[in-house]
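Enquirer: Starting off with a structure, shown below.
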Amino acid sequence: MIAELGHFALILSLAVALFQTVVPMIGATRGWPAWMEAARPAALAQFGLIGIAFAALTVAFVTSDFSVALVYENSHSAKPMLYKVTGVWGNHEGSMLLWVMILSLFGAAAASFGEHLPPALRARVLSVQGAIGAAFLAFIVLTSNPFERMFPPAFDGRDLNPLLQDPGLAFHPPFLYLGYVGLSMSFSFAVAALIEGRVDAAWARWVRPWTLAAWMFLTIGIALGSWWAYYELGWGGFWFWDPVENASFMPWLLATALLHSAIVVEKREVLKSWTILLAIIAFGFSLIGTFIVRSGVITSVHSFASDPTRGIFILAILATFVGGALTLYAARAGSMTARGVFAPVSREGALLLNNLLLAVAAFVVFIGTIWPLVAEMAWGRKLSVGAPFFEKAFTPFMVALALALPIGAILPWKRGRVGRAIATLTPAAILAVAAAGLAFAVTTGHSALAVVGAALGAWLIGGAAIDIWQRAGREAGRLTRLPRADWGRVIAHAGLGVTFVGISLLMAWSVEDIRVAREGESFTVAGYDFTLQDVQDEQGPNYVSTTAAIRVARTGREIGVLHPEKRVYPVQAMPTTEAAIRSSFTGDVYVVIGDPQQGGGWAVRTYIRPFAFWIWLGCGLMALGGLVSLSDRRWRVAAASRRAAARPVAAE
């Protein structure tokens, strides 16, 4: 009965979404206040109904209701409770339900906290959100019903994919979807502005908090996915340039560009057309990610489904919304005239350069991701585009971005001098040279990556520190009185620098060792002494584990005992690798136990990963910077005044 209640709530939410799409838009066009006001209760009702459907599916998983086909396919009675809950979104149908629930959550938030938005703009924004919701709710109801019953009910389920039975993967999808779907708000604001023919400073002030929130969640989601791949897959890497990884990275790059472009619109009322275009394309790439994961056109360990029918449906949604928005953009772009002018060397010019580098970098990733598909369709050739291409084609843009970012943050608006900005950044340059020298002294001479990465990271961190010191007028007492948006910006920029250091030093200084070791045998890797003490079989809640005990010492002093595992999940007959990692501020000791060998002993893989922690520390700092900026009262949705909104800037 609960499943039927969830299904009914889902169908009813589709009807509400259609109402939310049509009525407020007509009201905004005709100037009917009551019809415009209908958008708010409709958005709240849609969120409530989808919430009921999601709760019903959660109850089915928690209670192991194997009369529901989705529960049978993705759960098991012996599975730990955490993974019964996360199994709700560990599949195609449930993850799509989470997708639309988050979409409706953003719509409900706009309805609740957008009381200071102009009524017509708010109605149009919620109408576009309703249209997106209606499209995806129709997709779920028609092709991906999560409440489908099976008869007779199964005695037990087929279990969740063992790779997804992990805390990192439990929280990775919700945060990723909060970022993916959150960009729909930027898209809705852009389309609403195009319909009204008005893009001004007030519009930029309204759209920035939503973009910032989506960017922050997307940062956390990507970091969690990277961290999971690092410790769960057993290969010691943090990024594989997998198509689905790229599908989340491209919207992040474009959302970063959108955030910086919106600053220019707000401060100087220029780059309006470009900002609108970025808002459309950023959400478009989110939809492309959804298509890649669920269409089966590209093979990936992250794929949810491989049904061409579903892929065509999502492709139709993508073409409708992005194609329609771009058509509207083409019709309206000429009316979005810029009021301000600026010299190439200025804050505006630096932010434009930032945008171009990020946009081209996203385009490079896109080409590398889809090229195998294009080659197969056009010439019948199977190609593989891997890490070497992306590292060589993508890295130069990030190097240029890192070099320009501190200088651009120091430059004044309208017109500036590069020489003066560089002179101000002299301490950061000294820090960068010192970091490069230290990295060179430690590096064995095989790669310049450590030297360049350490220098760029130090340059970014030092530049962020000088930026905030300049904002405070070089007075320590004024630091605490600066706006939170300023603090958030420099924290995020410093976080990017920390990530640069972590990635470059890990890739340059990593050591890998693969060998066969017998119980009681010792071996040395990069100055660490390892001893395989014993290997035992253990019984988990829904798996059987082969667990090793490996003693780790350095310079004769024991620093810990690591317990890597090799698990087998009997229901799916699938093995997984559980790496054992000893993390520290300066690096990780990473051990994986493999299969027993025919001549005796066990396969043991050992990795020394210097500064691995810094990668996720930097991501955390970037997300923290977003949160601090979001808490600034100037960027709250309700902060903009009606008077500012009523002043048209663009030509009608």
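Naming works like this for the structure tokens: A, B, ... for the chains as they're shown, residue 1 at the start of each chain, ligands 1 onward in shown order.
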Tell me, as a list in words, which residues lie within 10 Å of Phe175 (chain A), counting only C-alpha atoms; anything in the same chain fewer than 6 positions away does not count.
Expert: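 After dropping sequence-adjacent residues, the list is Val181, Ala214, Met216, Phe217, Leu218, Thr219, Ile220, Gly221, Ile222, Ala223, Leu224 and Gly225 of chain A.
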Enquirer: Residues as selected, N, CA and C atoms, written as a compact mmCIF listing (two decimals), in the first residue's frame, can you do that?
Expert:
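Written output follows (selection-v8.txt):
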```txt
# COMPACT_ATOMS: atom_id res chain seq x y z
N VAL A 181 21.74 19.56 -10.12
CA VAL A 181 20.37 20.06 -10.22
C VAL A 181 20.28 21.51 -9.78
N ALA A 214 25.06 25.77 -5.73
CA ALA A 214 25.25 24.62 -6.62
C ALA A 214 26.73 24.30 -6.79
N MET A 216 29.17 24.95 -4.72
CA MET A 216 29.70 24.41 -3.47
C MET A 216 29.35 22.93 -3.33
N PHE A 217 28.07 22.57 -3.58
CA PHE A 217 27.67 21.17 -3.47
C PHE A 217 28.37 20.31 -4.52
N LEU A 218 28.53 20.86 -5.72
CA LEU A 218 29.20 20.10 -6.77
C LEU A 218 30.66 19.86 -6.41
N THR A 219 31.30 20.84 -5.80
CA THR A 219 32.68 20.67 -5.33
C THR A 219 32.77 19.53 -4.32
N ILE A 220 31.85 19.52 -3.35
CA ILE A 220 31.85 18.46 -2.34
C ILE A 220 31.57 17.10 -2.99
N GLY A 221 30.60 17.05 -3.90
CA GLY A 221 30.26 15.80 -4.55
C GLY A 221 31.41 15.23 -5.36
N ILE A 222 32.10 16.07 -6.13
CA ILE A 222 33.24 15.60 -6.92
C ILE A 222 34.36 15.13 -6.00
N ALA A 223 34.61 15.87 -4.92
CA ALA A 223 35.67 15.49 -3.98
C ALA A 223 35.35 14.14 -3.32
N LEU A 224 34.10 13.92 -2.92
CA LEU A 224 33.73 12.65 -2.32
C LEU A 224 33.89 11.50 -3.31
N GLY A 225 33.51 11.72 -4.56
CA GLY A 225 33.69 10.69 -5.57
C GLY A 225 35.15 10.37 -5.81
```
Enquirer: Which residues come within 10 Å of region 93-102 of chain A, counting only C-alpha atoms, excluding same-chain residues fewer than 6 positions away, as a short mmCIF file (atom, residue, chain, number, x, y, z; two decimals) with N, CA and C atoms, in the first residue's frame?
Expert:
```
data_model
loop_
_atom_site.label_atom_id
_atom_site.label_comp_id
_atom_site.auth_asym_id
_atom_site.auth_seq_id
_atom_site.Cartn_x
_atom_site.Cartn_y
_atom_site.Cartn_z
N LEU A 10 3.64 10.59 -6.86
CA LEU A 10 4.50 10.94 -7.98
C LEU A 10 3.67 11.44 -9.17
N GLN A 46 4.60 20.67 -4.93
CA GLN A 46 5.38 19.72 -5.72
C GLN A 46 6.48 19.08 -4.87
N PHE A 47 7.18 19.89 -4.10
CA PHE A 47 8.22 19.36 -3.23
C PHE A 47 7.63 18.40 -2.20
N GLY A 48 6.49 18.76 -1.60
CA GLY A 48 5.88 17.89 -0.61
C GLY A 48 5.46 16.55 -1.19
N LEU A 49 4.89 16.55 -2.39
CA LEU A 49 4.42 15.31 -3.01
C LEU A 49 5.59 14.42 -3.41
N ILE A 50 6.64 15.00 -3.97
CA ILE A 50 7.80 14.20 -4.33
C ILE A 50 8.49 13.68 -3.07
N GLY A 51 8.46 14.49 -2.01
CA GLY A 51 9.00 14.03 -0.72
C GLY A 51 8.25 12.82 -0.20
N ILE A 52 6.93 12.80 -0.36
CA ILE A 52 6.13 11.64 0.05
C ILE A 52 6.53 10.41 -0.77
N ALA A 53 6.69 10.58 -2.08
CA ALA A 53 7.10 9.47 -2.93
C ALA A 53 8.47 8.94 -2.54
N PHE A 54 9.39 9.85 -2.27
CA PHE A 54 10.74 9.43 -1.88
C PHE A 54 10.71 8.71 -0.53
N LEU A 57 9.45 5.14 -1.03
CA LEU A 57 10.47 4.25 -1.57
C LEU A 57 11.51 3.91 -0.50
N THR A 58 11.84 4.87 0.34
CA THR A 58 12.79 4.62 1.43
C THR A 58 12.23 3.57 2.40
N LEU A 70 12.21 -2.87 -7.64
CA LEU A 70 13.44 -2.10 -7.46
C LEU A 70 14.16 -2.54 -6.19
N VAL A 71 13.41 -2.82 -5.13
CA VAL A 71 14.02 -3.29 -3.88
C VAL A 71 14.65 -4.65 -4.10
N THR A 86 20.81 3.98 1.50
CA THR A 86 21.48 4.53 0.33
C THR A 86 21.17 3.73 -0.94
N GLY A 87 20.67 2.51 -0.76
CA GLY A 87 20.23 1.75 -1.92
C GLY A 87 19.07 2.41 -2.64
N ALA A 108 11.17 24.97 -4.19
CA ALA A 108 10.51 25.34 -2.94
C ALA A 108 11.31 26.39 -2.18
N ILE A 132 10.92 22.03 -16.04
CA ILE A 132 11.98 21.02 -15.93
C ILE A 132 11.50 19.84 -15.09
N GLY A 133 10.85 20.16 -13.96
CA GLY A 133 10.32 19.10 -13.11
C GLY A 133 9.29 18.25 -13.83
N ALA A 134 8.41 18.88 -14.59
CA ALA A 134 7.38 18.14 -15.32
C ALA A 134 8.01 17.19 -16.33
N ALA A 135 9.06 17.64 -17.02
CA ALA A 135 9.71 16.79 -18.01
C ALA A 135 10.32 15.55 -17.37
N PHE A 136 11.02 15.74 -16.26
CA PHE A 136 11.67 14.59 -15.62
C PHE A 136 10.69 13.72 -14.85
N LEU A 137 9.63 14.30 -14.31
CA LEU A 137 8.59 13.48 -13.69
C LEU A 137 7.90 12.62 -14.74
N PHE A 139 9.33 11.55 -17.42
CA PHE A 139 10.34 10.53 -17.72
C PHE A 139 10.27 9.38 -16.72
N ILE A 140 10.15 9.72 -15.43
CA ILE A 140 10.08 8.68 -14.40
C ILE A 140 8.80 7.88 -14.51
N VAL A 141 7.68 8.56 -14.62
CA VAL A 141 6.38 7.88 -14.65
C VAL A 141 6.26 6.98 -15.88
N THR A 143 8.85 5.83 -18.04
CA THR A 143 9.94 4.90 -18.38
C THR A 143 10.66 4.30 -17.18
N SER A 144 10.50 4.87 -15.98
CA SER A 144 11.37 4.48 -14.86
C SER A 144 10.60 4.44 -13.55
N ASN A 145 9.47 3.76 -13.54
CA ASN A 145 8.64 3.70 -12.34
C ASN A 145 9.37 2.97 -11.21
N PRO A 146 9.69 3.67 -10.11
CA PRO A 146 10.40 3.00 -9.01
C PRO A 146 9.50 2.14 -8.13
N PHE A 147 8.19 2.20 -8.34
CA PHE A 147 7.24 1.49 -7.46
C PHE A 147 6.62 0.26 -8.13
N PRO A 173 26.44 10.72 -4.23
CA PRO A 173 25.36 11.11 -5.17
C PRO A 173 24.49 12.27 -4.70
N PRO A 174 24.04 12.29 -3.42
CA PRO A 174 23.20 13.44 -3.03
C PRO A 174 23.90 14.78 -3.19
N LEU A 176 26.40 15.44 -5.23
CA LEU A 176 26.59 15.68 -6.65
C LEU A 176 25.30 16.17 -7.30
N TYR A 177 24.18 15.58 -6.92
CA TYR A 177 22.90 16.01 -7.49
C TYR A 177 22.51 17.40 -7.01
N LEU A 178 22.85 17.72 -5.76
CA LEU A 178 22.58 19.08 -5.29
C LEU A 178 23.32 20.11 -6.15
N GLY A 179 24.51 19.73 -6.65
CA GLY A 179 25.24 20.61 -7.55
C GLY A 179 24.70 20.59 -8.96
N TYR A 180 24.56 19.38 -9.51
CA TYR A 180 24.00 19.22 -10.86
C TYR A 180 22.67 19.95 -10.99
N VAL A 181 21.74 19.56 -10.12
CA VAL A 181 20.37 20.06 -10.22
C VAL A 181 20.28 21.51 -9.78
N GLY A 182 21.15 21.90 -8.85
CA GLY A 182 21.14 23.28 -8.40
C GLY A 182 21.39 24.28 -9.51
N THR A 290 23.62 13.65 -17.15
CA THR A 290 22.51 12.74 -16.91
C THR A 290 22.32 11.79 -18.09
N ARG A 294 22.89 7.48 -18.14
CA ARG A 294 21.67 6.66 -18.24
C ARG A 294 21.33 6.18 -19.64
N PHE A 304 24.36 4.04 -14.62
CA PHE A 304 23.20 3.50 -13.94
C PHE A 304 22.39 2.59 -14.85
N ALA A 305 22.31 2.94 -16.12
CA ALA A 305 21.42 2.20 -17.02
C ALA A 305 21.98 2.26 -18.43
#
```
Enquirer: Sorted by chain and rising residue number, list the residues of region 450-511 of chain A at most 10 Å from region 418-424 of chain A (counting only C-alpha atoms), each with its closest atom pair and distance in Å to one decimal, as a tab-separated table.
Expert:
```
residue	atom	partner	partner_atom	distance
A:Gly463	CA	A:Thr424	CA	9.3
A:Ile466	CA	A:Thr424	CA	7.9
A:Asp467	CA	A:Thr424	CA	9.3
A:Gln470	CA	A:Thr424	CA	9.0
```
Enquirer: Emit the selected residues as a CSV table (one decimal), in the first residue's frame, including C-alpha atoms.
Expert:
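selection_19.csv, written as the output of this step:
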```csv
chain,number,residue,atom,x,y,z
A,463,GLY,CA,48.2,35.7,-3.7
A,466,ILE,CA,47.9,39.4,-0.1
A,467,ASP,CA,44.4,39.9,-1.6
A,470,GLN,CA,45.0,44.5,0.7
```
Enquirer: Report as a list of chain:residue names all protein, DNA and RNA residues lying within 8 Å of Ala494 (chain A), evaluated on only C-alpha atoms, omitting residues in the same chain fewer than 2 positions from it.
Expert: A:Leu460, A:Ile461, A:Gly462, A:Ala464, A:Ala465, A:Val490, A:Ile491, A:Ala492, A:Leu496, A:Gly497, A:Val498, A:Gly618, A:Leu621, A:Met622
Enquirer: Between A:Thr531, A:Ala549, A:Met574, A:Leu401, single out the one closest to Leu160 (chain A), counting only C-alpha atoms.
Expert: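 Residue with the minimum atom-to-atom distance to Leu160 (chain A): A:Met574.
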Enquirer: Name the residues of region 325-511 of chain A that come out as alpha helix (DSSP H) in a backbone DSSP run; write them as a VMD selection string.
Expert: chain A and resid 325 to 332 347 to 379 387 to 410 418 to 424 426 to 442 449 to 471 484 to 509
Enquirer: Please list as a ChimeraX atom specification every residue within 6 Å of region 355-369 of chain A, counting only C-alpha atoms and excluding residues in the same chain fewer than 4 positions away.
Expert: /A:243,250,253,257,394,397
Enquirer: Considering only C-alpha atoms, state which residue in the set A:Ile559, A:Phe151, A:Gln539, A:Pro167 is at the smallest distance from Met81 (chain A).
Expert: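 Using only C-alpha atoms, the shortest distance to Met81 (chain A) belongs to A:Pro167.
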Enquirer: When you draw a straight line from CA of Ala623 (chain A) to CA of Phe321 (chain A), how long is it in Å?
Expert: 28.9 Å
Enquirer: A:Val341, A:Val501, A:Ala404, A:Val68: which is nearest Asn354 (chain A), counting only C-alpha atoms?
Expert: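 Among the listed residues, A:Ala404 lies closest to Asn354 (chain A).
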Enquirer: Might you pull out every residue within 12 Å of Gly197 (chain A), with only C-alpha atoms counted and same-chain residues fewer than 3 positions away left off, and present them as number ranges by chain?
Expert: A: 121, 189-194, 200, 203, 272-273, 276, 328-329, 331-337, 648-652
Enquirer: Quote the spacing between CA of Ser504 (chain A) and CA of Leu449 (chain A) in Å to one decimal place.
Expert: 5.8 Å
Enquirer: Could you check which of A:Gln536, A:Thr63, A:Ser629, A:Ser583 is closest to Lys84 (chain A), using only C-alpha atoms?
Expert: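 Going through A:Gln536, A:Thr63, A:Ser629, A:Ser583 one by one, the smallest distance to Lys84 (chain A) is for A:Thr63.
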Enquirer: Go through A:Phe530, A:Phe291, A:Phe240, A:Tyr231 one by one, measure the shortest atom-to-atom distance of each to Leu562 (chain A) using only C-alpha atoms, and give the residue with the smallest value.
Expert: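 Nearest candidate to Leu562 (chain A) out of A:Phe530, A:Phe291, A:Phe240, A:Tyr231: A:Phe530.
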Enquirer: Write out as a PyMOL selection string each polymer residue whose atoms come within 8 Å of Phe613 (chain A), counting only C-alpha atoms; drop sequence neighbours fewer than 5 positions from it.
Expert: chain A and resi 502+583-588
